[in-house]
Amino acid sequence: MRELRNMKGYTTREVSKLTHISKSYIEELERGTKANPSLHKVVSIARVLGIKVDELT
């Protein structure tokens with residue numbers, strides 16, 4: 001996810017604001033310390049990054 005976010009030129013703060021998901025949660029997902037995010041969160045992140053949901057898995 002970090003690589004995709006960086007390719008789009010977004011900071012974790014920007015993704016957080018656009019998805020309404022906390023910055024710390026985004027960072028935990030990127031580090032792999034947070035597992036099994038809800039489908040709603042995955043869809044929100046994928047939408048902001050302009051990718052399909054399965055590209056995040």
# chains A, B, ... in the order shown; residues from 1 in each chain; ligands from 1

$ residues_around --residues "segment 2-6 of chain A" --least-positions-apart "4" --cutoff "10 Å" --atoms "only C-alpha atoms" --output "number ranges by chain"
A: 10-12, 14-15, 26-27, 29-31, 45-46, 48-51, 55-56

$ write_last_selection --atoms "N, CA, C and O atoms" --output "tab-separated table (two decimals), in the first residue's frame"
chain	number	residue	atom	x	y	z
A	10	TYR	N	0.69	10.83	-2.56
A	10	TYR	CA	-0.06	11.15	-1.35
A	10	TYR	C	0.76	10.88	-0.09
A	10	TYR	O	1.51	9.91	-0.04
A	11	THR	N	0.56	11.70	0.91
A	11	THR	CA	1.10	11.41	2.24
A	11	THR	C	0.05	10.59	2.99
A	11	THR	O	-1.11	10.52	2.58
A	12	THR	N	0.47	10.01	4.10
A	12	THR	CA	-0.51	9.27	4.91
A	12	THR	C	-1.59	10.22	5.44
A	12	THR	O	-2.75	9.85	5.55
A	14	GLU	N	-2.80	12.85	3.89
A	14	GLU	CA	-3.75	13.12	2.80
A	14	GLU	C	-4.71	11.95	2.60
A	14	GLU	O	-5.92	12.15	2.45
A	15	VAL	N	-4.18	10.73	2.62
A	15	VAL	CA	-5.04	9.55	2.48
A	15	VAL	C	-6.01	9.50	3.65
A	15	VAL	O	-7.20	9.20	3.47
A	26	ILE	N	-3.85	4.06	8.96
A	26	ILE	CA	-3.23	3.93	7.63
A	26	ILE	C	-1.78	3.47	7.80
A	26	ILE	O	-1.32	2.57	7.10
A	27	GLU	N	-1.06	4.09	8.72
A	27	GLU	CA	0.34	3.74	8.96
A	27	GLU	C	0.48	2.30	9.46
A	27	GLU	O	1.40	1.59	9.06
A	29	LEU	N	-1.56	-0.18	8.78
A	29	LEU	CA	-1.80	-1.04	7.62
A	29	LEU	C	-0.56	-1.15	6.76
A	29	LEU	O	-0.19	-2.23	6.31
A	30	GLU	N	0.11	-0.03	6.55
A	30	GLU	CA	1.31	-0.03	5.73
A	30	GLU	C	2.45	-0.82	6.36
A	30	GLU	O	3.21	-1.49	5.66
A	31	ARG	N	2.56	-0.75	7.67
A	31	ARG	CA	3.61	-1.50	8.38
A	31	ARG	C	3.26	-2.98	8.52
A	31	ARG	O	4.13	-3.79	8.83
A	45	ILE	N	-9.87	3.21	0.70
A	45	ILE	CA	-8.46	3.40	0.37
A	45	ILE	C	-8.23	3.15	-1.12
A	45	ILE	O	-7.56	3.94	-1.80
A	46	ALA	N	-8.80	2.07	-1.64
A	46	ALA	CA	-8.64	1.75	-3.06
A	46	ALA	C	-9.20	2.87	-3.93
A	46	ALA	O	-8.58	3.27	-4.93
A	48	VAL	N	-9.50	6.08	-3.24
A	48	VAL	CA	-8.61	7.25	-3.18
A	48	VAL	C	-7.35	7.02	-4.00
A	48	VAL	O	-6.87	7.93	-4.69
A	49	LEU	N	-6.81	5.81	-3.97
A	49	LEU	CA	-5.60	5.51	-4.70
A	49	LEU	C	-5.87	5.23	-6.18
A	49	LEU	O	-4.94	5.09	-6.98
A	50	GLY	N	-7.15	5.14	-6.54
A	50	GLY	CA	-7.50	4.93	-7.95
A	50	GLY	C	-7.18	3.53	-8.44
A	50	GLY	O	-6.78	3.37	-9.60
A	51	ILE	N	-7.34	2.55	-7.55
A	51	ILE	CA	-7.03	1.16	-7.91
A	51	ILE	C	-8.21	0.27	-7.56
A	51	ILE	O	-9.15	0.69	-6.87
A	55	GLU	N	-6.04	-5.08	-5.78
A	55	GLU	CA	-4.65	-4.62	-5.90
A	55	GLU	C	-4.04	-4.30	-4.54
A	55	GLU	O	-2.82	-4.14	-4.43
A	56	LEU	N	-4.86	-4.21	-3.51
A	56	LEU	CA	-4.37	-3.96	-2.16
A	56	LEU	C	-4.05	-5.24	-1.42
A	56	LEU	O	-3.44	-5.21	-0.37

$ select_by_dssp --residues "chain A" --states "helix (DSSP H, G or I)" --output "NGL selection string"
:A and (2-8 or 12-19 or 23-31 or 39-49 or 53-56)

$ write_last_selection --atoms "N, CA, C and O atoms" --output "compact mmCIF listing (two decimals), in the first residue's frame"
# COMPACT_ATOMS: atom_id res chain seq x y z
N ARG A 2 1.95 1.23 0.76
CA ARG A 2 2.83 2.41 0.82
C ARG A 2 3.36 2.76 -0.57
O ARG A 2 3.38 3.93 -0.96
N GLU A 3 3.77 1.74 -1.31
CA GLU A 3 4.31 1.98 -2.64
C GLU A 3 3.25 2.61 -3.56
O GLU A 3 3.54 3.57 -4.28
N LEU A 4 2.04 2.10 -3.51
CA LEU A 4 0.96 2.66 -4.32
C LEU A 4 0.67 4.10 -3.91
O LEU A 4 0.47 4.98 -4.76
N ARG A 5 0.64 4.34 -2.61
CA ARG A 5 0.38 5.70 -2.11
C ARG A 5 1.46 6.66 -2.58
O ARG A 5 1.17 7.76 -3.05
N ASN A 6 2.71 6.22 -2.46
CA ASN A 6 3.83 7.07 -2.88
C ASN A 6 3.79 7.33 -4.39
O ASN A 6 4.10 8.44 -4.84
N MET A 7 3.42 6.32 -5.17
CA MET A 7 3.32 6.49 -6.62
C MET A 7 2.28 7.55 -6.98
O MET A 7 2.45 8.28 -7.95
N LYS A 8 1.22 7.64 -6.18
CA LYS A 8 0.18 8.64 -6.41
C LYS A 8 0.56 10.00 -5.84
O LYS A 8 -0.12 10.99 -6.08
N THR A 12 0.47 10.01 4.10
CA THR A 12 -0.51 9.27 4.91
C THR A 12 -1.59 10.22 5.44
O THR A 12 -2.75 9.85 5.55
N ARG A 13 -1.20 11.43 5.72
CA ARG A 13 -2.18 12.42 6.21
C ARG A 13 -3.23 12.72 5.14
O ARG A 13 -4.42 12.82 5.43
N GLU A 14 -2.80 12.85 3.89
CA GLU A 14 -3.75 13.12 2.80
C GLU A 14 -4.71 11.95 2.60
O GLU A 14 -5.92 12.15 2.45
N VAL A 15 -4.18 10.73 2.62
CA VAL A 15 -5.04 9.55 2.48
C VAL A 15 -6.01 9.50 3.65
O VAL A 15 -7.20 9.20 3.47
N SER A 16 -5.54 9.80 4.82
CA SER A 16 -6.39 9.82 6.00
C SER A 16 -7.55 10.79 5.84
O SER A 16 -8.71 10.45 6.10
N LYS A 17 -7.26 11.99 5.40
CA LYS A 17 -8.31 13.00 5.21
C LYS A 17 -9.31 12.60 4.13
O LYS A 17 -10.51 12.79 4.29
N LEU A 18 -8.80 12.03 3.04
CA LEU A 18 -9.67 11.67 1.92
C LEU A 18 -10.54 10.45 2.22
O LEU A 18 -11.63 10.31 1.67
N THR A 19 -10.06 9.56 3.09
CA THR A 19 -10.79 8.33 3.39
C THR A 19 -11.56 8.41 4.71
O THR A 19 -12.37 7.54 4.99
N LYS A 23 -4.89 8.58 10.50
CA LYS A 23 -3.53 8.49 9.96
C LYS A 23 -2.79 7.33 10.59
O LYS A 23 -2.08 6.59 9.91
N SER A 24 -2.96 7.14 11.88
CA SER A 24 -2.26 6.04 12.56
C SER A 24 -2.73 4.68 12.04
O SER A 24 -1.93 3.75 11.91
N TYR A 25 -4.01 4.56 11.71
CA TYR A 25 -4.54 3.30 11.17
C TYR A 25 -3.93 3.03 9.79
O TYR A 25 -3.52 1.91 9.50
N ILE A 26 -3.85 4.06 8.96
CA ILE A 26 -3.23 3.93 7.63
C ILE A 26 -1.78 3.47 7.80
O ILE A 26 -1.32 2.57 7.10
N GLU A 27 -1.06 4.09 8.72
CA GLU A 27 0.34 3.74 8.96
C GLU A 27 0.48 2.30 9.46
O GLU A 27 1.40 1.59 9.06
N GLU A 28 -0.43 1.86 10.32
CA GLU A 28 -0.40 0.49 10.81
C GLU A 28 -0.65 -0.50 9.68
O GLU A 28 -0.01 -1.56 9.62
N LEU A 29 -1.56 -0.18 8.78
CA LEU A 29 -1.80 -1.04 7.62
C LEU A 29 -0.56 -1.15 6.76
O LEU A 29 -0.19 -2.23 6.31
N GLU A 30 0.11 -0.03 6.55
CA GLU A 30 1.31 -0.03 5.73
C GLU A 30 2.45 -0.82 6.36
O GLU A 30 3.21 -1.49 5.66
N ARG A 31 2.56 -0.75 7.67
CA ARG A 31 3.61 -1.50 8.38
C ARG A 31 3.26 -2.98 8.52
O ARG A 31 4.13 -3.79 8.83
N LEU A 39 -14.07 -4.15 5.03
CA LEU A 39 -14.24 -3.96 3.59
C LEU A 39 -14.46 -2.49 3.27
O LEU A 39 -13.93 -1.98 2.28
N HIS A 40 -15.20 -1.80 4.10
CA HIS A 40 -15.45 -0.37 3.90
C HIS A 40 -14.14 0.41 3.85
O HIS A 40 -13.96 1.27 2.99
N LYS A 41 -13.22 0.10 4.76
CA LYS A 41 -11.93 0.81 4.78
C LYS A 41 -11.11 0.48 3.54
O LYS A 41 -10.50 1.36 2.93
N VAL A 42 -11.09 -0.80 3.16
CA VAL A 42 -10.34 -1.21 1.99
C VAL A 42 -10.88 -0.53 0.73
O VAL A 42 -10.12 -0.02 -0.10
N VAL A 43 -12.19 -0.49 0.59
CA VAL A 43 -12.82 0.16 -0.56
C VAL A 43 -12.49 1.64 -0.59
O VAL A 43 -12.17 2.20 -1.63
N SER A 44 -12.54 2.29 0.56
CA SER A 44 -12.23 3.72 0.64
C SER A 44 -10.79 4.01 0.22
O SER A 44 -10.53 4.94 -0.54
N ILE A 45 -9.87 3.21 0.70
CA ILE A 45 -8.46 3.40 0.37
C ILE A 45 -8.23 3.15 -1.12
O ILE A 45 -7.56 3.94 -1.80
N ALA A 46 -8.80 2.07 -1.64
CA ALA A 46 -8.64 1.75 -3.06
C ALA A 46 -9.20 2.87 -3.93
O ALA A 46 -8.58 3.27 -4.93
N ARG A 47 -10.33 3.40 -3.56
CA ARG A 47 -10.96 4.48 -4.33
C ARG A 47 -10.05 5.70 -4.38
O ARG A 47 -9.83 6.29 -5.44
N VAL A 48 -9.50 6.08 -3.24
CA VAL A 48 -8.61 7.25 -3.18
C VAL A 48 -7.35 7.02 -4.00
O VAL A 48 -6.87 7.93 -4.69
N LEU A 49 -6.81 5.81 -3.97
CA LEU A 49 -5.60 5.51 -4.70
C LEU A 49 -5.87 5.23 -6.18
O LEU A 49 -4.94 5.09 -6.98
N VAL A 53 -9.82 -2.98 -5.57
CA VAL A 53 -9.64 -3.52 -4.21
C VAL A 53 -8.63 -4.66 -4.21
O VAL A 53 -7.77 -4.72 -3.33
N ASP A 54 -8.68 -5.54 -5.20
CA ASP A 54 -7.77 -6.69 -5.19
C ASP A 54 -6.30 -6.29 -5.38
O ASP A 54 -5.41 -7.08 -5.11
N GLU A 55 -6.04 -5.08 -5.78
CA GLU A 55 -4.65 -4.62 -5.90
C GLU A 55 -4.04 -4.30 -4.54
O GLU A 55 -2.82 -4.14 -4.43
N LEU A 56 -4.86 -4.21 -3.51
CA LEU A 56 -4.37 -3.96 -2.16
C LEU A 56 -4.05 -5.24 -1.42
O LEU A 56 -3.44 -5.21 -0.37
